[in-house]
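Down below is the structure, laid out as structure tokens.
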Amino acid sequence: MADDVPTTDPRCPMHLLTRRFVQEPYPMLRALRETAPAVPVEANGYRMWVITHYQEIKRVLIGRGFYKDLLPRRKELSAQTVLLPGKTARMLHSSRRSVLERDGADHRRMRAVLDPEMSEATIAQHEQEIIATARELTGALPTGEPFDLVTSFARPLVVRTIARIVGLVDGELDEFPTWANLMVTGNSVAQIEESSLHLFRFAERVVARKRREPGDDLFTRLIRQCDEEGKFDEDELASTFMVLLVGSCEPINAMVHTLLVLLRNPDQLMRLRENRSLLASAVDEGIRLESPFRMLPPRFSDEPFELGDIVIPPREFIVPSPAIANRDPDLFPNPDVCDIARRSHGAMSFGHGPHRCLGIELGKLETRIAIAALLDRFTDIRLAISPDQIVWRPGMFMRRADTFPVVCH
């Protein structure tokens, strides 16, 4: 079978996703959807079932009968699903106790503390600071010569914003986006394991320092919830710090992806320039079409999962795909067409259900401010390379550009 051509037979024990999927995933994701409501793939050394229809993806994400906390069942689940042991990364168990990975009462306990801290009203208090930072950064960007939007604008905007919110000092997070990238899109098991360890040890150091040097910030408030009210144990606290910081890097990708969609659709970019009231829906449309998450972390069920003629056995890894859901024609007419006025209600760019992304309000606000600042600063923005020359990091779960070179006037 050719390297970049997937089988379309759902009876095949392994659906092939290869290098073509990294560069241009959407034709292959469409092929998955047209093949069957669930398709087995190999990912990170395990067999995982990609769910390909919107309503079934939503059913998994709502969570009734589906679980995310793999750690207590790791041996049982691995024994059933591991395909390539050499590709399975091992991470510290203590780093996997965050709100992202807990279920039921534990998850509700942690979300009850975190949700108010990341609410729209709370995040809005930082809007003017983010605007000022974005204007400062765009003011320093060159005119008429190529620069990398990731390293020159998106990353410093995001890093400086989250540092203020959580109470870290300038420069303390400089290496964090690199570690986060390597953990989720590393080229090797060793790279993934090493970067994960760096991230968790950094989070532990931050916990210790913020205990010594408390402030009026998110991390200090969470430590109080741990020390005074018992809302977190130590592993939950450090691993939740780690997840919050990793998640805080995601707006970098939302900014790049939204701008990419606009540059691919110059009529829509002009429409936005002429009508800034469309900015919020333009961001929603950008991350619908270029979802930073191809796949979400796996779930499992103790019961068989029936999807038409396909029955997924109990205790198999089940993977919902926002990238597939966001282009499902049953929900979005002409799903591959960019319309910045589209009502994207129901899009799953940030997940759905109880595990819906904590940082959605911050991520959208940062992305709106970033796009507005670029449009205010420049009358013309163009890719410095052709779209097919963009280098996308490897991996099935995330879609991230290594760099995004542009030329602006």
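Here's how to read the names in the structure tokens: chain A, B, ... by the order shown, residue numbers from 1 in each chain, ligand numbers from 1 in the order shown.
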
Hey, could you make a per-residue contact list for stretch 36-98 of chain A against stretch 218-241 of chain A with 7 Å as the cut-off, showing the nearest pair of atoms and its distance in Å to one decimal, counting only C-alpha atoms, sorted by chain and number, as CSV?
residue,atom,partner,partner_atom,distance
A:Ser94,CA,A:Asp235,CA,5.3
A:Ser95,CA,A:Ser239,CA,4.8
A:Arg96,CA,A:Ser239,CA,6.2
A:Arg97,CA,A:Glu236,CA,4.9
A:Ser98,CA,A:Thr240,CA,4.3

message = With only C-alpha atoms as the counted atoms, please give the residues lying no more than 7 Å from stretch 311-324 of chain A, apart from itself and same-chain residues fewer than 3 positions off, as an MDAnalysis selection string.
response = chainID A and resid 29 47:52 57 77 81 291 293:307 327:328 348:349 351

query = From the set A:Glu250, A:Glu56, A:Asp103, A:Asp115, which residue has the shortest atom-to-atom contact distance to A:Leu157, counting only C-alpha atoms?
reply = A:Glu250

Enumerate, in order of chain and increasing residue number, the residues of stretch 140-247 of chain A with an atom no farther than 12 Å from stretch 358-363 of chain A, each with its shortest atom pair and distance in Å to one decimal, counting only C-alpha atoms, as CSV.
residue,atom,partner,partner_atom,distance
A:Ala154,CA,A:Gly363,CA,11.7
A:Leu157,CA,A:Gly363,CA,11.5
A:Val158,CA,A:Gly363,CA,9.0
A:Thr161,CA,A:Leu362,CA,9.5
A:Ile162,CA,A:Leu362,CA,9.3
A:Ile165,CA,A:Leu362,CA,10.4
A:Thr240,CA,A:Leu358,CA,11.3
A:Val243,CA,A:Leu358,CA,10.1
A:Leu244,CA,A:Gly359,CA,8.1
A:Leu245,CA,A:Gly359,CA,10.2
A:Val246,CA,A:Gly359,CA,10.7
A:Gly247,CA,A:Gly359,CA,7.1

key: Given only C-alpha atoms as the counted atoms, nearest of A:Val166, A:Ile369, A:Arg356, A:Arg111 to A:Gly63   =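 The answer is A:Arg356, which sits nearest to A:Gly63.
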
task = Could you please write out, as number ranges by chain, every residue of stretch 59-293 of chain A that DSSP assigns to alpha helix (DSSP H)?
result = A: 59-62, 74-81, 104-117, 120-124, 127-139, 149, 155-166, 176-185, 189-212, 218-227, 234-248, 250-264, 266-274, 279-289

Write out as a compact mmCIF listing (two decimals) with C-alpha atoms, in the first residue's frame each polymer residue whose atoms come within 12 Å of A:Arg273, counting only C-alpha atoms; drop sequence neighbours fewer than 6 positions from it.
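Now in part.txt:
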# COMPACT_ATOMS: atom_id res chain seq x y z
CA LEU A 262 -7.93 34.67 6.41
CA PRO A 266 -8.59 37.28 0.87
CA ASP A 267 -12.23 38.21 0.23
CA LEU A 279 -13.97 39.76 14.45
CA ALA A 282 -14.02 35.35 12.16
CA ILE A 340 -16.52 34.81 8.74
CA ILE A 371 -5.77 39.72 14.85
CA ALA A 372 -7.11 43.23 15.49
CA ALA A 373 -3.63 44.51 16.38
CA LEU A 374 -2.14 43.09 13.19
CA LEU A 375 -4.90 44.61 11.05
CA ASP A 376 -4.47 47.97 12.79
CA ARG A 377 -0.70 47.94 12.24
CA PHE A 378 -0.56 46.68 8.66
CA THR A 379 -2.66 47.31 5.56
CA ASP A 380 -1.20 44.28 3.80
CA ILE A 381 -0.23 40.91 5.34

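Taking atom CA of A:Lys364 and atom CA of A:Pro156 as endpoints, the distance between them is 16.4 Å.
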
Using 9 Å as the limit and counting only C-alpha atoms, can you tabulate each residue of stretch 199-266 of chain A that touches stretch 391-409 of chain A, with its shortest atom-to-atom distance in Å and the two atoms involved, as a tab-separated table?
residue	atom	partner	partner_atom	distance
A:Asn253	CA	A:Arg400	CA	6.2
A:Val256	CA	A:Phe404	CA	7.2
A:His257	CA	A:Arg400	CA	8.7
A:Leu260	CA	A:Phe404	CA	8.9

Output for the residues just chosen: C-alpha atoms as a PDB file, in the first residue's frame:
ATOM      1  CA  ASN A 253      -1.872  28.204  17.409  1.00  0.00           C
ATOM      2  CA  VAL A 256      -1.660  31.436  13.483  1.00  0.00           C
ATOM      3  CA  HIS A 257      -4.518  29.268  12.247  1.00  0.00           C
ATOM      4  CA  LEU A 260      -3.825  31.423   7.830  1.00  0.00           C
TER       5      LEU A 260
END
